[in-house]
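So this block is start.txt, compact mmCIF, N, CA and C atoms:
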```
# COMPACT_ATOMS: atom_id res chain seq x y z
N MET A 498 97.43 73.02 191.06
CA MET A 498 98.75 73.46 190.69
C MET A 498 98.66 74.54 189.61
N ALA A 499 99.41 75.59 189.76
CA ALA A 499 99.36 76.72 188.83
C ALA A 499 100.06 76.38 187.52
N THR A 500 99.62 77.01 186.44
CA THR A 500 100.22 76.86 185.12
C THR A 500 100.69 78.23 184.66
N GLN A 501 101.90 78.30 184.10
CA GLN A 501 102.42 79.56 183.61
C GLN A 501 102.10 79.74 182.13
N TYR A 502 101.69 80.96 181.78
CA TYR A 502 101.36 81.33 180.41
C TYR A 502 102.15 82.57 180.02
N VAL A 503 102.64 82.58 178.79
CA VAL A 503 103.22 83.79 178.21
C VAL A 503 102.05 84.55 177.61
N VAL A 504 101.89 85.81 178.01
CA VAL A 504 100.75 86.62 177.57
C VAL A 504 101.23 87.58 176.48
N PHE A 505 100.48 87.59 175.38
CA PHE A 505 100.79 88.48 174.27
C PHE A 505 99.51 89.14 173.80
N SER A 506 99.65 90.19 173.01
CA SER A 506 98.45 90.88 172.54
C SER A 506 98.35 90.86 171.02
N LEU A 507 97.10 90.86 170.59
CA LEU A 507 96.72 91.01 169.19
C LEU A 507 95.53 91.94 169.19
N ASN A 508 95.65 93.05 168.50
CA ASN A 508 94.53 93.99 168.41
C ASN A 508 94.00 94.38 169.79
N GLU A 509 94.90 94.60 170.73
CA GLU A 509 94.60 95.02 172.10
C GLU A 509 93.86 93.97 172.94
N GLN A 510 93.76 92.74 172.45
CA GLN A 510 93.20 91.64 173.22
C GLN A 510 94.36 90.78 173.72
N ARG A 511 94.27 90.32 174.95
CA ARG A 511 95.35 89.53 175.55
C ARG A 511 95.07 88.03 175.41
N TYR A 512 96.13 87.32 174.97
CA TYR A 512 96.06 85.87 174.79
C TYR A 512 97.21 85.24 175.56
N GLY A 513 97.03 83.98 175.97
CA GLY A 513 98.09 83.28 176.68
C GLY A 513 98.37 81.93 176.06
N ILE A 514 99.66 81.58 176.02
CA ILE A 514 100.11 80.26 175.57
C ILE A 514 100.93 79.67 176.69
N GLU A 515 100.70 78.39 176.98
CA GLU A 515 101.48 77.73 178.03
C GLU A 515 102.97 77.89 177.76
N ILE A 516 103.69 78.25 178.79
CA ILE A 516 105.10 78.60 178.63
C ILE A 516 105.94 77.45 178.06
N PHE A 517 105.59 76.21 178.36
CA PHE A 517 106.39 75.09 177.87
C PHE A 517 106.23 74.86 176.38
N LYS A 518 105.24 75.49 175.74
CA LYS A 518 105.04 75.38 174.29
C LYS A 518 105.87 76.40 173.52
N ILE A 519 106.47 77.35 174.24
CA ILE A 519 107.22 78.42 173.59
C ILE A 519 108.71 78.11 173.64
N LYS A 520 109.32 78.13 172.46
CA LYS A 520 110.75 77.86 172.35
C LYS A 520 111.57 79.12 172.58
N GLU A 521 111.13 80.24 171.99
CA GLU A 521 111.79 81.53 172.18
C GLU A 521 110.94 82.64 171.60
N VAL A 522 111.34 83.87 171.91
CA VAL A 522 110.67 85.07 171.40
C VAL A 522 111.76 86.01 170.93
N PHE A 523 111.55 86.63 169.77
CA PHE A 523 112.53 87.61 169.29
C PHE A 523 111.82 88.74 168.57
N SER A 524 112.53 89.83 168.38
CA SER A 524 111.97 91.00 167.70
C SER A 524 111.61 90.64 166.27
N TYR A 525 110.61 91.34 165.76
CA TYR A 525 110.17 91.09 164.39
C TYR A 525 111.32 91.26 163.42
N ARG A 526 111.37 90.39 162.44
CA ARG A 526 112.32 90.51 161.34
C ARG A 526 111.56 90.21 160.05
N GLU A 527 112.16 90.62 158.97
CA GLU A 527 111.51 90.47 157.66
C GLU A 527 111.17 89.00 157.39
N ILE A 528 109.95 88.77 156.92
CA ILE A 528 109.49 87.42 156.58
C ILE A 528 109.52 87.29 155.07
N THR A 529 110.09 86.20 154.58
CA THR A 529 110.13 85.95 153.15
C THR A 529 108.81 85.31 152.72
N PRO A 530 108.02 86.02 151.90
CA PRO A 530 106.74 85.46 151.48
C PRO A 530 106.91 84.26 150.55
N LEU A 531 105.96 83.37 150.57
CA LEU A 531 105.96 82.21 149.70
C LEU A 531 104.79 82.31 148.72
N PRO A 532 105.00 81.91 147.47
CA PRO A 532 103.89 81.96 146.51
C PRO A 532 102.87 80.86 146.79
N HIS A 533 101.64 81.11 146.44
CA HIS A 533 100.54 80.13 146.51
C HIS A 533 100.30 79.58 147.91
N VAL A 534 100.41 80.44 148.92
CA VAL A 534 100.17 80.02 150.29
C VAL A 534 99.02 80.86 150.84
N LYS A 535 98.14 80.21 151.61
CA LYS A 535 96.97 80.91 152.17
C LYS A 535 97.38 82.09 153.03
N GLY A 536 96.43 83.02 153.21
CA GLY A 536 96.66 84.30 153.85
C GLY A 536 97.34 84.31 155.20
N PHE A 537 96.97 83.42 156.12
CA PHE A 537 97.51 83.55 157.46
C PHE A 537 98.95 83.05 157.56
N VAL A 538 99.41 82.24 156.58
CA VAL A 538 100.82 81.86 156.54
C VAL A 538 101.55 82.98 155.84
N LYS A 539 102.37 83.71 156.57
CA LYS A 539 103.02 84.91 156.04
C LYS A 539 104.26 84.58 155.24
N GLY A 540 104.90 83.43 155.50
CA GLY A 540 106.11 83.05 154.78
C GLY A 540 107.06 82.30 155.70
N ILE A 541 108.36 82.51 155.46
CA ILE A 541 109.38 81.79 156.22
C ILE A 541 110.46 82.76 156.71
N ILE A 542 111.14 82.34 157.77
CA ILE A 542 112.31 83.06 158.26
C ILE A 542 113.43 82.05 158.46
N ASN A 543 114.65 82.56 158.48
CA ASN A 543 115.82 81.74 158.77
C ASN A 543 116.24 82.09 160.20
N LEU A 544 116.10 81.13 161.07
CA LEU A 544 116.47 81.34 162.48
C LEU A 544 117.68 80.47 162.79
N ARG A 545 118.86 81.09 162.76
CA ARG A 545 120.11 80.38 163.02
C ARG A 545 120.26 79.12 162.17
N GLY A 546 119.94 79.25 160.89
CA GLY A 546 120.11 78.14 159.96
C GLY A 546 118.91 77.21 159.84
N VAL A 547 117.86 77.45 160.62
CA VAL A 547 116.65 76.63 160.54
C VAL A 547 115.56 77.46 159.88
N ILE A 548 114.94 76.91 158.84
CA ILE A 548 113.86 77.60 158.14
C ILE A 548 112.55 77.32 158.87
N LEU A 549 111.89 78.38 159.33
CA LEU A 549 110.62 78.24 160.07
C LEU A 549 109.48 78.91 159.31
N PRO A 550 108.34 78.24 159.18
CA PRO A 550 107.16 78.93 158.67
C PRO A 550 106.66 79.90 159.74
N VAL A 551 106.09 81.02 159.29
CA VAL A 551 105.56 82.03 160.21
C VAL A 551 104.13 82.33 159.82
N PHE A 552 103.24 82.38 160.81
CA PHE A 552 101.87 82.75 160.50
C PHE A 552 101.37 83.83 161.43
N ASP A 553 100.27 84.44 161.01
CA ASP A 553 99.69 85.59 161.71
C ASP A 553 98.35 85.19 162.30
N LEU A 554 98.28 85.15 163.63
CA LEU A 554 97.01 84.79 164.29
C LEU A 554 95.92 85.83 164.04
N ARG A 555 96.31 87.07 163.74
CA ARG A 555 95.30 88.10 163.43
C ARG A 555 94.38 87.62 162.31
N GLU A 556 94.98 87.08 161.26
CA GLU A 556 94.18 86.61 160.13
C GLU A 556 93.42 85.35 160.50
N LYS A 557 94.05 84.47 161.25
CA LYS A 557 93.38 83.24 161.69
C LYS A 557 92.15 83.58 162.54
N PHE A 558 92.26 84.60 163.38
CA PHE A 558 91.16 85.00 164.26
C PHE A 558 90.25 86.05 163.64
N ARG A 559 90.49 86.36 162.38
CA ARG A 559 89.69 87.35 161.62
C ARG A 559 89.70 88.74 162.29
N LEU A 560 90.89 89.13 162.75
CA LEU A 560 91.08 90.47 163.32
C LEU A 560 91.57 91.40 162.22
N PRO A 561 91.42 92.71 162.40
CA PRO A 561 91.89 93.64 161.37
C PRO A 561 93.40 93.50 161.14
N PRO A 562 93.83 93.56 159.89
CA PRO A 562 95.27 93.45 159.61
C PRO A 562 96.04 94.67 160.11
N THR A 563 97.34 94.51 160.23
CA THR A 563 98.20 95.61 160.66
C THR A 563 99.51 95.54 159.90
N GLU A 564 100.18 96.66 159.83
CA GLU A 564 101.54 96.69 159.27
C GLU A 564 102.49 96.24 160.38
N TYR A 565 103.36 95.30 160.06
CA TYR A 565 104.35 94.86 161.03
C TYR A 565 105.41 95.94 161.19
N GLY A 566 105.87 96.10 162.41
CA GLY A 566 106.91 97.09 162.69
C GLY A 566 107.92 96.54 163.67
N ARG A 567 108.85 97.37 164.04
CA ARG A 567 109.94 96.92 164.90
C ARG A 567 109.48 96.55 166.31
N PHE A 568 108.27 96.93 166.68
CA PHE A 568 107.79 96.61 168.02
C PHE A 568 107.05 95.27 168.06
N HIS A 569 106.73 94.71 166.90
CA HIS A 569 106.10 93.39 166.87
C HIS A 569 107.14 92.33 167.26
N VAL A 570 106.65 91.16 167.63
CA VAL A 570 107.53 90.05 167.99
C VAL A 570 107.12 88.80 167.23
N ILE A 571 108.05 87.87 167.14
CA ILE A 571 107.74 86.55 166.61
C ILE A 571 107.96 85.56 167.75
N ILE A 572 106.93 84.80 168.04
CA ILE A 572 106.97 83.79 169.10
C ILE A 572 107.19 82.44 168.42
N VAL A 573 108.26 81.75 168.78
CA VAL A 573 108.52 80.43 168.22
C VAL A 573 107.85 79.41 169.12
N VAL A 574 106.89 78.69 168.54
CA VAL A 574 106.09 77.74 169.31
C VAL A 574 106.15 76.36 168.69
N GLU A 575 105.79 75.38 169.50
CA GLU A 575 105.64 74.03 168.99
C GLU A 575 104.14 73.75 168.89
N ILE A 576 103.70 73.47 167.69
CA ILE A 576 102.28 73.18 167.44
C ILE A 576 102.19 71.79 166.83
N ALA A 577 101.54 70.88 167.52
CA ALA A 577 101.35 69.51 167.05
C ALA A 577 102.67 68.91 166.58
N GLY A 578 103.74 69.12 167.38
CA GLY A 578 105.04 68.54 167.07
C GLY A 578 105.85 69.29 166.02
N ARG A 579 105.34 70.41 165.52
CA ARG A 579 106.05 71.21 164.52
C ARG A 579 106.46 72.54 165.13
N VAL A 580 107.64 73.02 164.79
CA VAL A 580 108.11 74.30 165.31
C VAL A 580 107.86 75.36 164.25
N MET A 581 107.22 76.46 164.66
CA MET A 581 106.91 77.55 163.73
C MET A 581 106.83 78.86 164.48
N GLY A 582 106.79 79.96 163.73
CA GLY A 582 106.70 81.27 164.33
C GLY A 582 105.31 81.85 164.23
N VAL A 583 104.96 82.64 165.22
CA VAL A 583 103.67 83.33 165.27
C VAL A 583 103.95 84.82 165.51
N VAL A 584 103.38 85.68 164.67
CA VAL A 584 103.56 87.12 164.84
C VAL A 584 102.58 87.63 165.88
N ALA A 585 103.07 88.45 166.82
CA ALA A 585 102.21 89.06 167.84
C ALA A 585 102.55 90.54 167.95
N ASP A 586 101.61 91.33 168.46
CA ASP A 586 101.84 92.76 168.64
C ASP A 586 102.91 93.02 169.69
N GLU A 587 102.83 92.27 170.79
CA GLU A 587 103.83 92.42 171.86
C GLU A 587 103.64 91.30 172.88
N ILE A 588 104.70 91.04 173.63
CA ILE A 588 104.64 90.14 174.79
C ILE A 588 104.49 91.07 175.99
N SER A 589 103.55 90.78 176.85
CA SER A 589 103.32 91.70 177.96
C SER A 589 103.61 91.11 179.33
N ASP A 590 103.62 89.78 179.44
CA ASP A 590 103.65 89.23 180.79
C ASP A 590 103.93 87.74 180.74
N VAL A 591 104.38 87.20 181.86
CA VAL A 591 104.32 85.77 182.13
C VAL A 591 103.40 85.67 183.33
N LEU A 592 102.33 84.95 183.14
CA LEU A 592 101.25 84.93 184.13
C LEU A 592 101.09 83.53 184.69
N GLU A 593 101.00 83.44 186.00
CA GLU A 593 100.74 82.16 186.64
C GLU A 593 99.25 82.09 186.94
N ILE A 594 98.58 81.12 186.33
CA ILE A 594 97.13 80.96 186.53
C ILE A 594 96.89 79.83 187.52
N GLN A 595 96.27 80.19 188.62
CA GLN A 595 95.89 79.20 189.63
C GLN A 595 94.62 78.48 189.15
N PRO A 596 94.40 77.25 189.57
CA PRO A 596 93.20 76.53 189.14
C PRO A 596 91.90 77.30 189.41
N GLU A 597 91.86 78.04 190.51
CA GLU A 597 90.63 78.78 190.83
C GLU A 597 90.44 80.01 189.93
N ASP A 598 91.50 80.42 189.21
CA ASP A 598 91.41 81.57 188.30
C ASP A 598 91.24 81.15 186.85
N PHE A 599 91.00 79.86 186.63
CA PHE A 599 90.86 79.31 185.29
C PHE A 599 89.41 78.92 185.05
N GLN A 600 88.87 79.32 183.90
CA GLN A 600 87.51 78.94 183.52
C GLN A 600 87.61 78.22 182.18
N THR A 601 87.03 77.04 182.09
CA THR A 601 87.13 76.26 180.85
C THR A 601 86.36 76.93 179.73
N ALA A 602 86.69 76.54 178.51
CA ALA A 602 86.03 77.09 177.32
C ALA A 602 84.55 76.72 177.31
N GLY A 603 84.20 75.61 177.95
CA GLY A 603 82.79 75.19 178.00
C GLY A 603 81.91 76.16 178.76
N ASN A 604 82.50 76.98 179.62
CA ASN A 604 81.74 77.94 180.42
C ASN A 604 81.60 79.31 179.75
N LEU A 605 82.16 79.46 178.55
CA LEU A 605 82.07 80.74 177.86
C LEU A 605 80.67 80.94 177.30
N PRO A 606 80.28 82.18 177.08
CA PRO A 606 78.95 82.44 176.53
C PRO A 606 78.79 81.84 175.14
N PRO A 607 77.55 81.51 174.74
CA PRO A 607 77.31 80.98 173.40
C PRO A 607 77.75 82.00 172.34
N GLY A 608 78.15 81.48 171.18
CA GLY A 608 78.54 82.36 170.08
C GLY A 608 80.03 82.62 170.02
N ILE A 609 80.77 82.21 171.05
CA ILE A 609 82.23 82.37 171.03
C ILE A 609 82.84 81.07 170.54
N SER A 610 83.69 81.18 169.51
CA SER A 610 84.34 80.01 168.94
C SER A 610 85.29 79.41 169.97
N ARG A 611 85.12 78.12 170.21
CA ARG A 611 85.91 77.46 171.24
C ARG A 611 86.95 76.49 170.67
N GLU A 612 87.04 76.39 169.35
CA GLU A 612 87.83 75.34 168.73
C GLU A 612 89.30 75.32 169.16
N PHE A 613 89.92 76.47 169.39
CA PHE A 613 91.32 76.46 169.81
C PHE A 613 91.52 77.15 171.15
N LEU A 614 90.49 77.18 171.96
CA LEU A 614 90.61 77.78 173.28
C LEU A 614 90.73 76.72 174.36
N LYS A 615 91.63 76.96 175.28
CA LYS A 615 91.75 76.09 176.45
C LYS A 615 90.81 76.61 177.53
N GLY A 616 90.66 77.94 177.57
CA GLY A 616 89.79 78.56 178.56
C GLY A 616 90.13 80.03 178.72
N VAL A 617 89.72 80.58 179.85
CA VAL A 617 89.99 81.98 180.17
C VAL A 617 90.62 82.02 181.56
N GLY A 618 91.67 82.81 181.66
CA GLY A 618 92.33 82.98 182.95
C GLY A 618 92.08 84.37 183.48
N ARG A 619 92.00 84.47 184.78
CA ARG A 619 91.75 85.75 185.43
C ARG A 619 93.02 86.21 186.14
N LYS A 620 93.37 87.47 185.90
CA LYS A 620 94.51 88.07 186.58
C LYS A 620 93.97 89.21 187.42
N GLY A 621 94.18 89.14 188.70
CA GLY A 621 93.60 90.17 189.57
C GLY A 621 92.09 90.04 189.58
N ASN A 622 91.40 91.16 189.74
CA ASN A 622 89.93 91.10 189.81
C ASN A 622 89.26 91.25 188.45
N ASN A 623 89.85 92.05 187.55
CA ASN A 623 89.14 92.39 186.32
C ASN A 623 89.77 91.88 185.04
N GLU A 624 91.06 91.67 185.02
CA GLU A 624 91.74 91.38 183.77
C GLU A 624 91.57 89.91 183.36
N MET A 625 91.13 89.71 182.11
CA MET A 625 90.92 88.37 181.59
C MET A 625 91.90 88.12 180.45
N VAL A 626 92.41 86.89 180.37
CA VAL A 626 93.33 86.48 179.32
C VAL A 626 92.74 85.25 178.65
N ILE A 627 92.63 85.28 177.32
CA ILE A 627 92.15 84.13 176.56
C ILE A 627 93.30 83.15 176.43
N LEU A 628 93.11 81.94 176.95
CA LEU A 628 94.16 80.93 176.96
C LEU A 628 93.97 80.00 175.76
N LEU A 629 94.99 79.94 174.91
CA LEU A 629 94.91 79.18 173.67
C LEU A 629 95.41 77.76 173.85
N ASP A 630 94.76 76.83 173.16
CA ASP A 630 95.23 75.45 173.08
C ASP A 630 96.07 75.37 171.82
N VAL A 631 97.37 75.54 171.96
CA VAL A 631 98.27 75.68 170.81
C VAL A 631 98.15 74.51 169.84
N ASP A 632 98.03 73.29 170.35
CA ASP A 632 97.99 72.13 169.47
C ASP A 632 96.73 72.09 168.60
N ARG A 633 95.75 72.90 168.92
CA ARG A 633 94.51 72.93 168.12
C ARG A 633 94.38 74.21 167.30
N LEU A 634 95.42 75.06 167.31
CA LEU A 634 95.36 76.32 166.56
C LEU A 634 95.21 76.10 165.07
N LEU A 635 95.85 75.06 164.55
CA LEU A 635 95.80 74.79 163.12
C LEU A 635 95.07 73.48 162.88
N SER A 636 94.22 73.48 161.86
CA SER A 636 93.51 72.25 161.48
C SER A 636 94.51 71.29 160.81
N GLN A 637 94.11 70.06 160.60
CA GLN A 637 94.98 69.09 159.94
C GLN A 637 95.36 69.59 158.54
N GLU A 638 94.40 70.14 157.83
CA GLU A 638 94.66 70.69 156.49
C GLU A 638 95.68 71.84 156.55
N GLU A 639 95.53 72.71 157.55
CA GLU A 639 96.46 73.83 157.70
C GLU A 639 97.86 73.35 158.09
N LEU A 640 97.93 72.30 158.93
CA LEU A 640 99.23 71.74 159.29
C LEU A 640 99.92 71.16 158.07
N GLU A 641 99.14 70.47 157.21
CA GLU A 641 99.71 69.89 156.00
C GLU A 641 100.21 71.00 155.08
N MET A 642 99.48 72.12 155.03
CA MET A 642 99.90 73.25 154.20
C MET A 642 101.21 73.84 154.75
N VAL A 643 101.31 73.96 156.08
CA VAL A 643 102.54 74.46 156.69
C VAL A 643 103.69 73.50 156.42
N ASP A 644 103.41 72.18 156.51
CA ASP A 644 104.45 71.18 156.23
C ASP A 644 104.97 71.32 154.81
N ALA A 645 104.11 71.68 153.88
CA ALA A 645 104.49 71.83 152.48
C ALA A 645 105.40 73.03 152.26
N THR A 646 105.39 74.00 153.22
CA THR A 646 106.28 75.15 153.07
C THR A 646 107.68 74.75 153.42
```
Mind turning this structure into structure tokens?
Amino acid sequence: MATQYVVFSLNEQRYGIEIFKIKEVFSYREITPLPHVKGFVKGIINLRGVILPVFDLREKFRLPPTEYGRFHVIIVVEIAGRVMGVVADEISDVLEIQPEDFQTAGNLPPGISREFLKGVGRKGNNEMVILLDVDRLLSQEELEMVDAT
């Protein structure tokens, strides 16, 4: 049975999150920074009266930083039962991955961090999408830090 993923990019690399984990996507808006919070937690936003923590996967994945602009998006996701925002460069696709186009993280070459990867999906003949395991994106310590915001 096929699984649908929302595909987004960070630093020109494509990542996918299972569609049922995504609550909504909206254009980038100003994030209110919080004092004494680790680098990848950018701050909070007010989304229709609900305060959401927002973090940047670029920093979590040790990618080069970027200036946020009007073309960036915030993806509202549920991670380990908590709702929060994730900044992405852009949303590019909703992709249906068939079981035969999915490769588990265990089959990836050595040296690639697998801690928050579900696997790799293939689109067409050449295009690969890194499929994230959203519930494992943040460690227990990081979740507690987000809860404190």
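Picture a line from atom C of Gly582 of chain A to atom C of Lys615 of chain A; it runs 20.4 Å.
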Write out as lines of an AutoDock Vina configuration file an axis-aligned box for segment 520-525 of chain A: all of its atoms listed in the file, 3 Å added on each side, centre and edge lengths in Å with one decimal.
```
center_x = 110.9
center_y = 84.6
center_z = 168.0
size_x = 9.2
size_y = 19.5
size_z = 15.2
```
Each residue of segment 588-640 of chain A lying at most 6.5 Å from segment 512-518 of chain A should get a row with its shortest atom-to-atom pair and the distance in Å to one decimal, counting all atoms listed in the file; could you produce that, ordered by chain and increasing number, as CSV?
```
residue,atom,partner,partner_atom,distance
A:Val626,C,A:Tyr512,CA,5.1
A:Ile627,C,A:Gly513,N,3.8
A:Leu628,CA,A:Gly513,N,4.3
A:Leu629,N,A:Gly513,C,4.1
```
Could you dump the residues just selected with N, CA and C atoms as a CSV table (one decimal), in the coordinates of the input?
```csv
chain,number,residue,atom,x,y,z
A,626,VAL,N,92.4,86.9,180.4
A,626,VAL,CA,93.3,86.5,179.3
A,626,VAL,C,92.7,85.2,178.6
A,627,ILE,N,92.6,85.3,177.3
A,627,ILE,CA,92.2,84.1,176.6
A,627,ILE,C,93.3,83.2,176.4
A,628,LEU,N,93.1,81.9,177.0
A,628,LEU,CA,94.2,80.9,177.0
A,628,LEU,C,94.0,80.0,175.8
A,629,LEU,N,95.0,79.9,174.9
A,629,LEU,CA,94.9,79.2,173.7
A,629,LEU,C,95.4,77.8,173.8
```
Can you build me a table of segment 556-628 of chain A residues sitting at most 10 Å from segment 523-546 of chain A, with the closest atom pair per residue and its distance in Å to one decimal, using only C-alpha atoms, sorted by chain and residue number, as CSV?
```
residue,atom,partner,partner_atom,distance
A:Glu556,CA,A:Phe537,CA,5.3
A:Lys557,CA,A:Phe537,CA,5.9
A:Phe558,CA,A:Phe537,CA,9.4
A:Arg559,CA,A:Phe537,CA,9.6
A:Tyr565,CA,A:Tyr525,CA,7.7
A:Gly566,CA,A:Tyr525,CA,7.0
A:Arg567,CA,A:Tyr525,CA,5.9
A:Phe568,CA,A:Ser524,CA,7.0
A:His569,CA,A:Tyr525,CA,5.3
A:Val570,CA,A:Ser524,CA,4.5
A:Ile571,CA,A:Phe523,CA,5.6
A:Ile572,CA,A:Phe523,CA,6.7
A:Val573,CA,A:Phe523,CA,8.3
A:Met581,CA,A:Ile541,CA,9.0
A:Gly582,CA,A:Ile542,CA,8.5
A:Val583,CA,A:Val538,CA,9.3
A:Val584,CA,A:Tyr525,CA,7.7
A:Ala585,CA,A:Tyr525,CA,8.9
A:Asp586,CA,A:Tyr525,CA,9.5
A:Glu587,CA,A:Ser524,CA,9.3
A:Ile588,CA,A:Phe523,CA,9.9
```
Task: Among the residues A:Ala499, A:Asp632, A:Glu509, A:Leu560, the one that comes closest to Pro596 of chain A [using all atoms listed in the file] - done: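 Of all the options, A:Ala499 lies closest to Pro596 of chain A.
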Task: Point-to-point distance in Å for atom CA of Ile576 of chain A and atom CA of Glu593 of chain A - done: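 Calculated distance between atom CA of Glu593 of chain A and atom CA of Ile576 of chain A is 21.3 Å.
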Identify all residues of segment 536-590 of chain A in helix (DSSP H, G or I) (DSSP on the backbone) and supply them as a PDB file with N, CA and C atoms, in the coordinates of the input.
```pdb
ATOM      1  N   LEU A 554      98.280  85.150 163.630  1.00  0.00           N
ATOM      2  CA  LEU A 554      97.010  84.790 164.290  1.00  0.00           C
ATOM      3  C   LEU A 554      95.920  85.830 164.040  1.00  0.00           C
ATOM      4  N   ARG A 555      96.310  87.070 163.740  1.00  0.00           N
ATOM      5  CA  ARG A 555      95.300  88.100 163.430  1.00  0.00           C
ATOM      6  C   ARG A 555      94.380  87.620 162.310  1.00  0.00           C
ATOM      7  N   GLU A 556      94.980  87.080 161.260  1.00  0.00           N
ATOM      8  CA  GLU A 556      94.180  86.610 160.130  1.00  0.00           C
ATOM      9  C   GLU A 556      93.420  85.350 160.500  1.00  0.00           C
ATOM     10  N   LYS A 557      94.050  84.470 161.250  1.00  0.00           N
ATOM     11  CA  LYS A 557      93.380  83.240 161.690  1.00  0.00           C
ATOM     12  C   LYS A 557      92.150  83.580 162.540  1.00  0.00           C
TER      13      LYS A 557
END
```
- [ ] Name the residues within 5 Å of (94.4, 80.6, 185.7), counting all atoms listed in the file in the file's coordinates, and put them as a PyMOL selection string.
- [x] chain A and resi 594-595+598-599+618-619
Task: Straight-line distance linking atom C of Thr601 of chain A with atom CA of Arg633 of chain A, stated in Å to one decimal - done: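 About the pair atom C of Thr601 of chain A and atom CA of Arg633 of chain A: they are 14.7 Å apart.
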TODO: Report the residues of segment 537-577 of chain A whose backbone DSSP state falls under strand (DSSP E or B), written as number ranges by chain.
DONE: A: 538-544, 547-553, 570-576
For the selection just defined, write its residues with N, CA and C atoms to a file, as an mmCIF file, in the coordinates of the input.
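Dumped to again-v4.cif:
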```
data_model
loop_
_atom_site.group_PDB
_atom_site.id
_atom_site.type_symbol
_atom_site.label_atom_id
_atom_site.label_comp_id
_atom_site.auth_asym_id
_atom_site.auth_seq_id
_atom_site.Cartn_x
_atom_site.Cartn_y
_atom_site.Cartn_z
ATOM 1 N N VAL A 538 99.410 82.240 156.580
ATOM 2 C CA VAL A 538 100.820 81.860 156.540
ATOM 3 C C VAL A 538 101.550 82.980 155.840
ATOM 4 N N LYS A 539 102.370 83.710 156.570
ATOM 5 C CA LYS A 539 103.020 84.910 156.040
ATOM 6 C C LYS A 539 104.260 84.580 155.240
ATOM 7 N N GLY A 540 104.900 83.430 155.500
ATOM 8 C CA GLY A 540 106.110 83.050 154.780
ATOM 9 C C GLY A 540 107.060 82.300 155.700
ATOM 10 N N ILE A 541 108.360 82.510 155.460
ATOM 11 C CA ILE A 541 109.380 81.790 156.220
ATOM 12 C C ILE A 541 110.460 82.760 156.710
ATOM 13 N N ILE A 542 111.140 82.340 157.770
ATOM 14 C CA ILE A 542 112.310 83.060 158.260
ATOM 15 C C ILE A 542 113.430 82.050 158.460
ATOM 16 N N ASN A 543 114.650 82.560 158.480
ATOM 17 C CA ASN A 543 115.820 81.740 158.770
ATOM 18 C C ASN A 543 116.240 82.090 160.200
ATOM 19 N N LEU A 544 116.100 81.130 161.070
ATOM 20 C CA LEU A 544 116.470 81.340 162.480
ATOM 21 C C LEU A 544 117.680 80.470 162.790
ATOM 22 N N VAL A 547 117.860 77.450 160.620
ATOM 23 C CA VAL A 547 116.650 76.630 160.540
ATOM 24 C C VAL A 547 115.560 77.460 159.880
ATOM 25 N N ILE A 548 114.940 76.910 158.840
ATOM 26 C CA ILE A 548 113.860 77.600 158.140
ATOM 27 C C ILE A 548 112.550 77.320 158.870
ATOM 28 N N LEU A 549 111.890 78.380 159.330
ATOM 29 C CA LEU A 549 110.620 78.240 160.070
ATOM 30 C C LEU A 549 109.480 78.910 159.310
ATOM 31 N N PRO A 550 108.340 78.240 159.180
ATOM 32 C CA PRO A 550 107.160 78.930 158.670
ATOM 33 C C PRO A 550 106.660 79.900 159.740
ATOM 34 N N VAL A 551 106.090 81.020 159.290
ATOM 35 C CA VAL A 551 105.560 82.030 160.210
ATOM 36 C C VAL A 551 104.130 82.330 159.820
ATOM 37 N N PHE A 552 103.240 82.380 160.810
ATOM 38 C CA PHE A 552 101.870 82.750 160.500
ATOM 39 C C PHE A 552 101.370 83.830 161.430
ATOM 40 N N ASP A 553 100.270 84.440 161.010
ATOM 41 C CA ASP A 553 99.690 85.590 161.710
ATOM 42 C C ASP A 553 98.350 85.190 162.300
ATOM 43 N N VAL A 570 106.650 91.160 167.630
ATOM 44 C CA VAL A 570 107.530 90.050 167.990
ATOM 45 C C VAL A 570 107.120 88.800 167.230
ATOM 46 N N ILE A 571 108.050 87.870 167.140
ATOM 47 C CA ILE A 571 107.740 86.550 166.610
ATOM 48 C C ILE A 571 107.960 85.560 167.750
ATOM 49 N N ILE A 572 106.930 84.800 168.040
ATOM 50 C CA ILE A 572 106.970 83.790 169.100
ATOM 51 C C ILE A 572 107.190 82.440 168.420
ATOM 52 N N VAL A 573 108.260 81.750 168.780
ATOM 53 C CA VAL A 573 108.520 80.430 168.220
ATOM 54 C C VAL A 573 107.850 79.410 169.120
ATOM 55 N N VAL A 574 106.890 78.690 168.540
ATOM 56 C CA VAL A 574 106.090 77.740 169.310
ATOM 57 C C VAL A 574 106.150 76.360 168.690
ATOM 58 N N GLU A 575 105.790 75.380 169.500
ATOM 59 C CA GLU A 575 105.640 74.030 168.990
ATOM 60 C C GLU A 575 104.140 73.750 168.890
ATOM 61 N N ILE A 576 103.700 73.470 167.690
ATOM 62 C CA ILE A 576 102.280 73.180 167.440
ATOM 63 C C ILE A 576 102.190 71.790 166.830
#
```
